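Chemist: data_31.cif (mmCIF, C-alpha atoms) pasted underneath:
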data_protein
#
loop_
_atom_site.group_PDB
_atom_site.id
_atom_site.type_symbol
_atom_site.label_atom_id
_atom_site.label_comp_id
_atom_site.auth_asym_id
_atom_site.auth_seq_id
_atom_site.Cartn_x
_atom_site.Cartn_y
_atom_site.Cartn_z
ATOM 1 C CA MET A 1 15.826 13.696 12.141
ATOM 2 C CA LEU A 2 12.227 12.766 11.123
ATOM 3 C CA LYS A 3 10.058 14.614 8.701
ATOM 4 C CA PRO A 4 6.624 13.600 7.435
ATOM 5 C CA TYR A 5 6.738 12.118 3.944
ATOM 6 C CA THR A 6 5.321 14.230 1.113
ATOM 7 C CA SER A 7 4.713 13.286 -2.501
ATOM 8 C CA ALA A 8 7.890 15.191 -3.387
ATOM 9 C CA ASP A 9 9.826 12.522 -1.448
ATOM 10 C CA PHE A 10 8.779 9.794 -3.882
ATOM 11 C CA LYS A 11 11.941 10.404 -5.906
ATOM 12 C CA LEU A 12 13.906 9.120 -2.908
ATOM 13 C CA LEU A 13 11.935 5.860 -2.756
ATOM 14 C CA GLU A 14 12.260 5.433 -6.486
ATOM 15 C CA LYS A 15 16.045 5.837 -6.200
ATOM 16 C CA TRP A 16 16.413 3.643 -3.088
ATOM 17 C CA VAL A 17 14.263 0.677 -4.158
ATOM 18 C CA THR A 18 16.648 -0.764 -6.707
ATOM 19 C CA ASP A 19 15.313 -4.294 -7.185
ATOM 20 C CA GLU A 20 12.368 -6.586 -6.560
ATOM 21 C CA ASP A 21 13.979 -8.433 -3.628
ATOM 22 C CA LEU A 22 14.660 -5.200 -1.758
ATOM 23 C CA LEU A 23 11.089 -4.037 -2.355
ATOM 24 C CA LEU A 24 9.722 -7.354 -1.038
ATOM 25 C CA GLN A 25 11.907 -7.146 2.082
ATOM 26 C CA PHE A 26 10.974 -3.503 2.651
ATOM 27 C CA ALA A 27 7.273 -3.567 1.815
ATOM 28 C CA GLY A 28 6.054 -7.144 1.561
ATOM 29 C CA THR A 29 3.641 -7.707 -1.283
ATOM 30 C CA ASP A 30 1.750 -4.420 -0.994
ATOM 31 C CA PHE A 31 3.761 -2.901 -3.843
ATOM 32 C CA SER A 32 5.228 -4.310 -7.042
ATOM 33 C CA TYR A 33 8.563 -3.552 -8.670
ATOM 34 C CA PRO A 34 9.275 -1.023 -9.921
ATOM 35 C CA ILE A 35 7.567 1.036 -7.254
ATOM 36 C CA THR A 36 5.532 3.880 -8.739
ATOM 37 C CA ARG A 37 4.082 7.127 -7.500
ATOM 38 C CA GLN A 38 0.625 5.741 -8.318
ATOM 39 C CA GLN A 39 1.125 2.707 -6.014
ATOM 40 C CA ILE A 40 2.059 5.006 -3.136
ATOM 41 C CA THR A 41 -0.877 7.318 -3.882
ATOM 42 C CA VAL A 42 -3.355 4.419 -3.952
ATOM 43 C CA TYR A 43 -1.932 3.034 -0.687
ATOM 44 C CA ARG A 44 -2.041 6.399 1.071
ATOM 45 C CA THR A 45 -5.591 7.012 -0.157
ATOM 46 C CA ALA A 46 -6.659 3.613 1.198
ATOM 47 C CA TYR A 47 -4.875 4.212 4.550
ATOM 48 C CA PRO A 48 -4.837 7.968 5.227
ATOM 49 C CA GLU A 49 -4.374 7.410 8.980
ATOM 50 C CA ARG A 50 -0.970 5.768 8.478
ATOM 51 C CA ASN A 51 2.081 7.972 8.874
ATOM 52 C CA PHE A 52 5.050 7.887 6.475
ATOM 53 C CA TYR A 53 8.373 9.454 7.471
ATOM 54 C CA ILE A 54 11.716 10.309 5.897
ATOM 55 C CA ALA A 55 14.797 10.410 8.139
ATOM 56 C CA TYR A 56 17.666 12.827 7.674
ATOM 57 C CA GLN A 57 21.265 12.857 8.824
ATOM 58 C CA ASP A 58 22.236 16.507 8.734
ATOM 59 C CA GLU A 59 20.623 17.543 5.439
ATOM 60 C CA THR A 60 20.859 14.134 3.753
ATOM 61 C CA PRO A 61 17.739 11.967 3.521
ATOM 62 C CA PHE A 62 18.610 8.354 4.263
ATOM 63 C CA ALA A 63 15.615 6.303 5.445
ATOM 64 C CA PHE A 64 11.892 5.697 5.089
ATOM 65 C CA GLY A 65 9.445 4.260 7.601
ATOM 66 C CA GLU A 66 5.789 4.001 8.486
ATOM 67 C CA ILE A 67 3.814 4.006 11.733
ATOM 68 C CA ILE A 68 0.504 2.142 11.644
ATOM 69 C CA LEU A 69 -2.064 2.193 14.431
ATOM 70 C CA GLN A 70 -3.419 -1.357 14.349
ATOM 71 C CA GLY A 71 -7.000 -2.314 15.174
ATOM 72 C CA SER A 72 -5.725 -3.647 18.510
ATOM 73 C CA GLY A 73 -4.701 -0.100 19.451
ATOM 74 C CA ILE A 74 -1.022 -1.068 19.389
ATOM 75 C CA PRO A 75 1.103 0.924 16.944
ATOM 76 C CA LYS A 76 3.379 -0.925 14.545
ATOM 77 C CA LEU A 77 6.468 0.176 12.662
ATOM 78 C CA ALA A 78 6.475 -0.905 9.039
ATOM 79 C CA ARG A 79 8.207 -0.383 5.716
ATOM 80 C CA ILE A 80 11.544 0.361 7.361
ATOM 81 C CA LEU A 81 14.261 1.092 4.816
ATOM 82 C CA VAL A 82 17.676 2.636 5.227
ATOM 83 C CA GLY A 83 17.658 3.553 1.595
ATOM 84 C CA GLU A 84 20.797 5.585 1.064
ATOM 85 C CA PRO A 85 23.440 2.910 0.362
ATOM 86 C CA SER A 86 26.377 5.122 1.391
ATOM 87 C CA LEU A 87 24.852 5.546 4.874
ATOM 88 C CA ARG A 88 24.083 1.875 5.570
ATOM 89 C CA GLY A 89 26.053 0.084 8.268
ATOM 90 C CA LYS A 90 26.872 3.298 10.151
ATOM 91 C CA GLY A 91 24.407 2.975 13.032
ATOM 92 C CA LEU A 92 21.849 5.318 11.499
ATOM 93 C CA GLY A 93 19.223 2.566 11.284
ATOM 94 C CA GLY A 94 19.166 2.317 15.077
ATOM 95 C CA LYS A 95 18.882 6.077 15.439
ATOM 96 C CA PHE A 96 16.060 6.059 12.911
ATOM 97 C CA ILE A 97 14.201 3.306 14.778
ATOM 98 C CA LYS A 98 14.648 5.193 18.065
ATOM 99 C CA SER A 99 13.131 8.282 16.463
ATOM 100 C CA LEU A 100 10.167 6.223 15.190
ATOM 101 C CA VAL A 101 9.734 4.771 18.697
ATOM 102 C CA ALA A 102 9.678 8.304 20.135
ATOM 103 C CA GLU A 103 7.228 9.456 17.459
ATOM 104 C CA SER A 104 4.962 6.470 18.211
ATOM 105 C CA ALA A 105 4.999 7.385 21.911
ATOM 106 C CA ARG A 106 4.182 10.985 21.022
ATOM 107 C CA LEU A 107 1.273 10.019 18.771
ATOM 108 C CA TYR A 108 -0.253 7.178 20.787
ATOM 109 C CA SER A 109 -0.642 6.378 24.451
ATOM 110 C CA THR A 110 0.686 2.842 24.428
ATOM 111 C CA LYS A 111 2.745 0.476 26.532
ATOM 112 C CA THR A 112 3.985 -1.507 23.531
ATOM 113 C CA LEU A 113 5.073 -1.067 19.935
ATOM 114 C CA GLU A 114 5.380 -3.838 17.366
ATOM 115 C CA LEU A 115 7.043 -4.576 14.076
ATOM 116 C CA LEU A 116 7.258 -7.589 11.801
ATOM 117 C CA VAL A 117 10.504 -8.918 10.377
ATOM 118 C CA TRP A 118 11.588 -11.698 8.035
ATOM 119 C CA ASP A 119 13.562 -14.223 10.078
ATOM 120 C CA GLN A 120 16.410 -14.177 7.539
ATOM 121 C CA ASN A 121 16.909 -10.412 7.860
ATOM 122 C CA ILE A 122 19.513 -10.868 10.595
ATOM 123 C CA ALA A 123 20.975 -7.354 10.294
ATOM 124 C CA ALA A 124 17.541 -5.800 10.846
ATOM 125 C CA ILE A 125 16.756 -8.114 13.773
ATOM 126 C CA LYS A 126 20.036 -7.183 15.478
ATOM 127 C CA CYS A 127 19.382 -3.480 14.860
ATOM 128 C CA TYR A 128 15.882 -3.712 16.357
ATOM 129 C CA GLU A 129 17.182 -5.672 19.351
ATOM 130 C CA ARG A 130 19.851 -3.012 20.020
ATOM 131 C CA VAL A 131 17.049 -0.439 20.192
ATOM 132 C CA GLY A 132 15.126 -2.594 22.685
ATOM 133 C CA PHE A 133 12.729 -4.710 20.615
ATOM 134 C CA VAL A 134 12.278 -8.320 21.724
ATOM 135 C CA TYR A 135 12.185 -11.014 19.020
ATOM 136 C CA SER A 136 9.453 -13.637 19.275
ATOM 137 C CA PRO A 137 10.793 -17.028 18.134
ATOM 138 C CA GLU A 138 7.305 -18.220 17.181
ATOM 139 C CA ARG A 139 6.441 -17.521 13.563
ATOM 140 C CA HIS A 140 3.776 -14.808 13.369
ATOM 141 C CA THR A 141 2.838 -15.481 9.755
ATOM 142 C CA MET A 142 4.210 -16.819 6.511
ATOM 143 C CA LEU A 143 4.468 -14.650 3.428
ATOM 144 C CA ALA A 144 4.315 -16.556 0.149
ATOM 145 C CA HIS A 145 5.694 -14.826 -2.928
ATOM 146 C CA LYS A 146 6.623 -16.315 -6.314
ATOM 147 C CA GLY A 147 6.807 -19.850 -4.971
ATOM 148 C CA LYS A 148 8.976 -18.978 -1.981
ATOM 149 C CA ASN A 149 7.864 -18.833 1.662
ATOM 150 C CA TYR A 150 9.114 -16.232 4.137
ATOM 151 C CA ASN A 151 8.770 -16.758 7.889
ATOM 152 C CA ILE A 152 7.689 -13.488 9.469
ATOM 153 C CA HIS A 153 8.226 -12.874 13.189
ATOM 154 C CA LYS A 154 6.894 -10.220 15.533
ATOM 155 C CA MET A 155 9.162 -8.015 17.577
ATOM 156 C CA THR A 156 7.829 -5.986 20.497
ATOM 157 C CA TYR A 157 9.104 -2.871 22.232
ATOM 158 C CA PHE A 158 7.948 -2.261 25.795
ATOM 159 C CA PHE A 159 7.844 1.343 26.992
#
Now that the file is in, can you turn its structure into structure tokens?
Modeler:
Amino acid sequence: MLKPYTSADFKLLEKWVTDEDLLLQFAGTDFSYPITRQQITVYRTAYPERNFYIAYQDETPFAFGEIILQGSGIPKLARILVGEPSLRGKGLGGKFIKSLVAESARLYSTKTLELLVWDQNIAAIKCYERVGFVYSPERHTMLAHKGKNYNIHKMTYFF
């Protein structure tokens, strides 16, 4: 189901990230719309230790995600996107998250795994909870973008 991202996969991201709001929800403020190959290249050059993945259902690519080993030693899932619109809402997001959890366990000896989520992204929160992540009601941080504030919460998975 998972395959490491290569530069050839950029066409998928370009197709999936259809507007500025989706890009903000998916990637925070690290990238600007429209996403470009150069932005990804600069990011990957700055953070070569971070792992990008593309998920497949049969032969169809449908999702993108990242695993980051934080300075604390705890890995974090980031930039989660079920990008293929025709495959959204079919339970594949949960399968994708489970595969990222397994990949994190394979890569790092850890007792926990984290991710950050916008408190208004209810569908994502429910998906993560079904996989086993626990939502922290305390705001982790606030993201400010174009005059709007976004409450970001941490979710934790315990192995």
Chemist: Is it possible to get the axis-aligned box enclosing stretch 59-73 of chain A (all listed atoms, 3 Å extra per side) as JSON, with centre and edge lengths in Å rounded to one decimal?
Modeler:
{"center_x": 6.9, "center_y": 6.9, "center_z": 11.5, "size_x": 33.9, "size_y": 27.2, "size_z": 21.9}
Chemist: Applied to this file, what does the PyMOL selection byres ((chain A and resi 50) around 8) return in terms of residues, put as a short mmCIF file (atom, residue, chain, number, x, y, z; two decimals) with C-alpha atoms, keeping the file's coordinate frame?
Modeler:
data_model
loop_
_atom_site.label_atom_id
_atom_site.label_comp_id
_atom_site.auth_asym_id
_atom_site.auth_seq_id
_atom_site.Cartn_x
_atom_site.Cartn_y
_atom_site.Cartn_z
CA ARG A 44 -2.04 6.40 1.07
CA TYR A 47 -4.88 4.21 4.55
CA PRO A 48 -4.84 7.97 5.23
CA GLU A 49 -4.37 7.41 8.98
CA ASN A 51 2.08 7.97 8.87
CA PHE A 52 5.05 7.89 6.48
CA GLU A 66 5.79 4.00 8.49
CA ILE A 67 3.81 4.01 11.73
CA ILE A 68 0.50 2.14 11.64
CA LEU A 69 -2.06 2.19 14.43
#
Chemist: Could you tell me which of A:Ser86, A:Thr36, A:Ser72, A:Gln25 comes closest to A:Trp118 if we count all atoms listed in the file?
Modeler: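 The shortest atom-to-atom distance to A:Trp118 comes from A:Gln25.
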Chemist: Env of A:Asn151: 8 Å cut, atoms = all atoms listed in the file, seq-sep filter 4 positions within chain, self excluded. Answer as a list in words.
Modeler: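 Once the nearby chain positions are removed, what remains is Trp118, Asp119, Arg139, His140, Thr141, Met142 and Leu143 of chain A.
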Chemist: Taking only C-alpha atoms into account, which of A:Lys154, A:Thr29, A:Val17, A:Glu114 comes nearest A:Glu84?
Modeler: A:Val17
Chemist: Leaving out A:Thr110 and any residue of its chain fewer than 5 positions from it, which residues lie within 8 Å of it when counting all atoms listed in the file, given as a ChimeraX atom specification?
Modeler: /A:73-75,105,159
Chemist: Considering only C-alpha atoms, return as a ChimeraX atom specification whatever protein or nucleic-acid residues lie within 10 Å of A:Ala123, sequence-local ones (same chain, fewer than 5 positions apart) excluded.
Modeler: /A:89,128-129
